[in-house]
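Here's the structure we're looking at; comments come further down.
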Amino acid sequence: MFVDKAKIYVKAGDGGDGIISFRREKYVPNGGPAGGDGGRGADIIFRVDEGLRTLMDFRYQRHFKAPRGEKGRNKSQHGANAENMIVRIPPGTVIVDEDSGEVLADLTRHGQQVVVAKGGRGGRGNIRFATPNNPAPELAENGEEGEERYIVLELKVMADVGLVGFPSVGKSTLLSVVSAAKPKIGAYHFTTITPNLGVVGVGEGRSFVMADLPGLIEGAHEGVGLGHEFLRHVERTRIIVHVVDMSGSEGRDPFEDWQKINDELKQYNPALAERPQIVAANKMDMPESAENLEKFLQQVREIHPDIEVMPISSLTRQGIQELLYRAADLLDQIPDEPVVEEVADISERKVFSLDKKEDEGFRIVRENDTFIVESAKIDRMMKRMQLNSHEAILKLARTLRYMGVDDELRKRGAEEGTIVRIGDFEFEFVESSSYY
Ligand SMILES: Nc1nc2c(ncn2[C@@H]2O[C@H](COP(=O)(O)OP(=O)(O)OP(=O)(O)O)[C@@H](O)[C@H]2O)c(=O)[nH]1
Ligand SMILES: [Mg+2]
């Protein structure tokens, strides 16, 4: 089966926490700080592997959580960085950020890669907080959180030749006779519901990849009949083989069919109107086909004198070799550049950072006897600082006072002993004179 869309969740590794530790050497009673920094959390990297053809693996694994960095060690040693997590994806995968809809990357070549979630930095150990005034700080930072996001992966078939046309014109039959692929063939419309790929050999070592796509109908460019799903595969093919049923079965008119499909392609993406196209006039084994072809050629030439029309029958194999040679020649003439999407600059993407200057303010709300302080800045600080030492609490208290939180609390009626909640913590309001 061909799976071509997947939604997944990625969470890069958190940074390892920095630690508080002191040197305890023989004969050195008051050793200096020796708590090392935490290691970096693992990035999650998507890398193209040409051995993959589908997004099938993402059916079974939708969550990717990368390991966190190691905690800092004592004796001033850094915790180990976590090893990055590499996730393999097939060529032709477009990576979209689900929230913003931004295209993060469009990877087409083997080995190409992109970081989809950045690991957090390690927290600093207490050795980094030492100053002349505070030579033995009891302060350390938690590791930074790794980035997380929901991602939509979209595989666009990377084929050289795309077979397009109305349902039941014989696209799958054609692929089945020119390659080893075994697409389903049926006398009913929309037999094919996902693309099939086949490798077509044309002798002299030449070959190309052909994609049999689901049939298109009027309104496809607006999404009718899953049109969008199908059309986005066409976008990627280097040339189009437009299959038209010449037998005029079901009262269809080949010329009208041809125009309608071209119209859908153009409206979906104007670039598709410029894509080299060969018309495969199929089912030439049928009694009415010869006459219909005559008429078709006349009508087509009037508006498009240069278009190539190759009469074939997938049933009797008449004209098939000629069609394949023609397609191979055409492919030789056009550059082998994959058609890729515009990609957002992810180096500029916001990464959660403590240095953010925004949201400096705070808000105080009252819930019964409790005062609640809401502030993005303080939340960040509390997340980052390890609040398990007296010194860290003091540092937080100083920050609150400096930001004016104390004054505001006092103004709002807080007194000695009032409960103040910040994030997950509750404190007693203490007049600073008695606290410091
Ligand atoms: N007489 C004749 N019948 C053909 C030829 N090619 C295909 N058919 C028949 O046409 C019907 C549809 O063929 P498919 O290959 O499934 O058509 P399709 O274009 O892939 O159709 P969808 O997948 O529904 O879009 C089948 O019954 C085929 O046997 C041909 O060259 N001559
Ligand atoms: Mg088909």
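To be explicit about the labels: the chains of the structure tokens are called A, B, and onward in the order shown, and within each one the residues are counted from 1, while ligands get numbers from 1 in the order they are shown.
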
Would you kindly return, as a PDB file with C-alpha atoms, in the first residue's frame, each protein, DNA or RNA residue with an atom no farther than 10 Å from any atom of A:Ala327, considering only C-alpha atoms and excluding same-chain residues fewer than 5 positions away?
ATOM      1  CA  ASP A 160       9.829  11.046 -14.101  1.00  0.00           C
ATOM      2  CA  VAL A 161       6.599  10.380 -15.910  1.00  0.00           C
ATOM      3  CA  VAL A 202      13.674   1.146 -22.529  1.00  0.00           C
ATOM      4  CA  PHE A 208      12.724   5.932 -15.848  1.00  0.00           C
ATOM      5  CA  ILE A 239       6.766  15.000 -17.898  1.00  0.00           C
ATOM      6  CA  ILE A 240       3.117  14.147 -18.236  1.00  0.00           C
ATOM      7  CA  VAL A 241       1.730  11.318 -20.323  1.00  0.00           C
ATOM      8  CA  PRO A 276       6.069  18.679 -21.352  1.00  0.00           C
ATOM      9  CA  GLN A 277       3.154  16.463 -22.308  1.00  0.00           C
ATOM     10  CA  ILE A 278       2.706  13.490 -24.574  1.00  0.00           C
ATOM     11  CA  GLN A 321       7.589   0.863 -27.572  1.00  0.00           C
ATOM     12  CA  GLU A 322       7.418   4.098 -29.555  1.00  0.00           C
ATOM     13  CA  ASP A 332      16.950  13.294 -21.668  1.00  0.00           C
TER      14      ASP A 332
END

- Message: Taking only C-alpha atoms and all ligand atoms into account, list the residues no farther than 6 Å from ligand 2, as a PyMOL selection string.
- Response: chain A and resi 171-172+185+191-192+214

Now that the selection is made, can you save its residues with C-alpha atoms as a PDB file, in the first residue's frame?
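Contents of selection35.pdb, freshly written:
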ATOM      1  CA  LYS A 171      -3.518   4.324 -17.073  1.00  0.00           C
ATOM      2  CA  SER A 172      -2.989   1.358 -14.772  1.00  0.00           C
ATOM      3  CA  ILE A 185      -7.116  -2.736 -13.147  1.00  0.00           C
ATOM      4  CA  THR A 191     -10.027   1.655  -9.531  1.00  0.00           C
ATOM      5  CA  THR A 192      -6.767   3.308  -8.575  1.00  0.00           C
ATOM      6  CA  PRO A 214      -5.727   7.957  -9.774  1.00  0.00           C
TER       7      PRO A 214
END

Using only C-alpha atoms and all ligand atoms, find each residue in chain A having at least one atom no more than 9 Å away from ligand 1; report its shortest atom-to-atom pair and that distance in Å (one decimal), rows by chain then rising number, as a Markdown table.
| residue | atom | partner | partner_atom_place_in_ligand_line | distance |
| --- | --- | --- | --- | --- |
| A:Leu163 | CA | ligand 1 | 19 (O) | 8.6 |
| A:Val164 | CA | ligand 1 | 19 (O) | 7.9 |
| A:Gly165 | CA | ligand 1 | 19 (O) | 6.7 |
| A:Phe166 | CA | ligand 1 | 25 (O) | 6.0 |
| A:Pro167 | CA | ligand 1 | 25 (O) | 3.3 |
| A:Ser168 | CA | ligand 1 | 21 (O) | 3.4 |
| A:Val169 | CA | ligand 1 | 19 (O) | 4.0 |
| A:Gly170 | CA | ligand 1 | 15 (O) | 3.4 |
| A:Lys171 | CA | ligand 1 | 19 (O) | 3.8 |
| A:Ser172 | CA | ligand 1 | 15 (O) | 3.7 |
| A:Thr173 | CA | ligand 1 | 15 (O) | 3.6 |
| A:Leu174 | CA | ligand 1 | 15 (O) | 6.5 |
| A:Leu175 | CA | ligand 1 | 15 (O) | 8.0 |
| A:Ser176 | CA | ligand 1 | 15 (O) | 8.2 |
| A:Pro183 | CA | ligand 1 | 20 (O) | 8.1 |
| A:Lys184 | CA | ligand 1 | 16 (O) | 6.5 |
| A:Ile185 | CA | ligand 1 | 16 (O) | 3.5 |
| A:Gly186 | CA | ligand 1 | 16 (O) | 4.3 |
| A:Ala187 | CA | ligand 1 | 27 (O) | 3.7 |
| A:Tyr188 | CA | ligand 1 | 24 (O) | 6.1 |
| A:His189 | CA | ligand 1 | 24 (O) | 3.9 |
| A:Phe190 | CA | ligand 1 | 24 (O) | 3.2 |
| A:Thr191 | CA | ligand 1 | 24 (O) | 3.9 |
| A:Thr192 | CA | ligand 1 | 23 (O) | 3.6 |
| A:Ile193 | CA | ligand 1 | 23 (O) | 6.9 |
| A:Thr194 | CA | ligand 1 | 23 (O) | 8.9 |
| A:Asp212 | CA | ligand 1 | 20 (O) | 7.2 |
| A:Leu213 | CA | ligand 1 | 25 (O) | 7.1 |
| A:Pro214 | CA | ligand 1 | 25 (O) | 4.7 |
| A:Gly215 | CA | ligand 1 | 25 (O) | 3.3 |
| A:Leu216 | CA | ligand 1 | 25 (O) | 7.0 |
| A:Val243 | CA | ligand 1 | 19 (O) | 7.6 |
| A:Val244 | CA | ligand 1 | 19 (O) | 8.8 |
| A:Asp245 | CA | ligand 1 | 5 (C) | 8.2 |
| A:Ser247 | CA | ligand 1 | 1 (N) | 8.0 |
| A:Ala281 | CA | ligand 1 | 31 (O) | 9.0 |
| A:Asn282 | CA | ligand 1 | 31 (O) | 5.3 |
| A:Lys283 | CA | ligand 1 | 31 (O) | 3.5 |
| A:Met284 | CA | ligand 1 | 31 (O) | 6.3 |
| A:Asp285 | CA | ligand 1 | 32 (N) | 5.8 |
| A:Met286 | CA | ligand 1 | 1 (N) | 5.6 |
| A:Ile312 | CA | ligand 1 | 31 (O) | 6.8 |
| A:Ser313 | CA | ligand 1 | 31 (O) | 3.7 |
| A:Ser314 | CA | ligand 1 | 31 (O) | 3.7 |
| A:Leu315 | CA | ligand 1 | 31 (O) | 4.3 |
| A:Thr316 | CA | ligand 1 | 31 (O) | 6.8 |
| A:Arg317 | CA | ligand 1 | 31 (O) | 7.5 |
| A:Gln318 | CA | ligand 1 | 31 (O) | 8.6 |

- Message: Could you list, as a VMD selection string, every residue within 10 Å of A:Pro67, counting only C-alpha atoms and ignoring same-chain residues fewer than 5 positions away?
- Response: chain A and resid 11 to 16 40 to 44 81 to 85 119 146

- Message: Residues of stretch 141-334 of chain A classed as alpha helix (DSSP H) by DSSP on the backbone are to be reported as an NGL selection string.
- Response: :A and (171-178 or 227-234 or 254-268 or 271-274 or 289-303 or 320-333)

- What is the distance, in Å and to one decimal place, between atom CA of A:His242 and atom CA of A:Ile89? 29.9 Å

- So which residues touch A:Gln112 within 6 Å, counting only C-alpha atoms, skipping near sequence neighbours fewer than 2 positions away, as JSON, numbers by chain? {"A": [47, 48, 109, 110]}

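If you look at atom CA of A:His233 and atom CA of A:Lys156, they are 5.2 Å away from each other.
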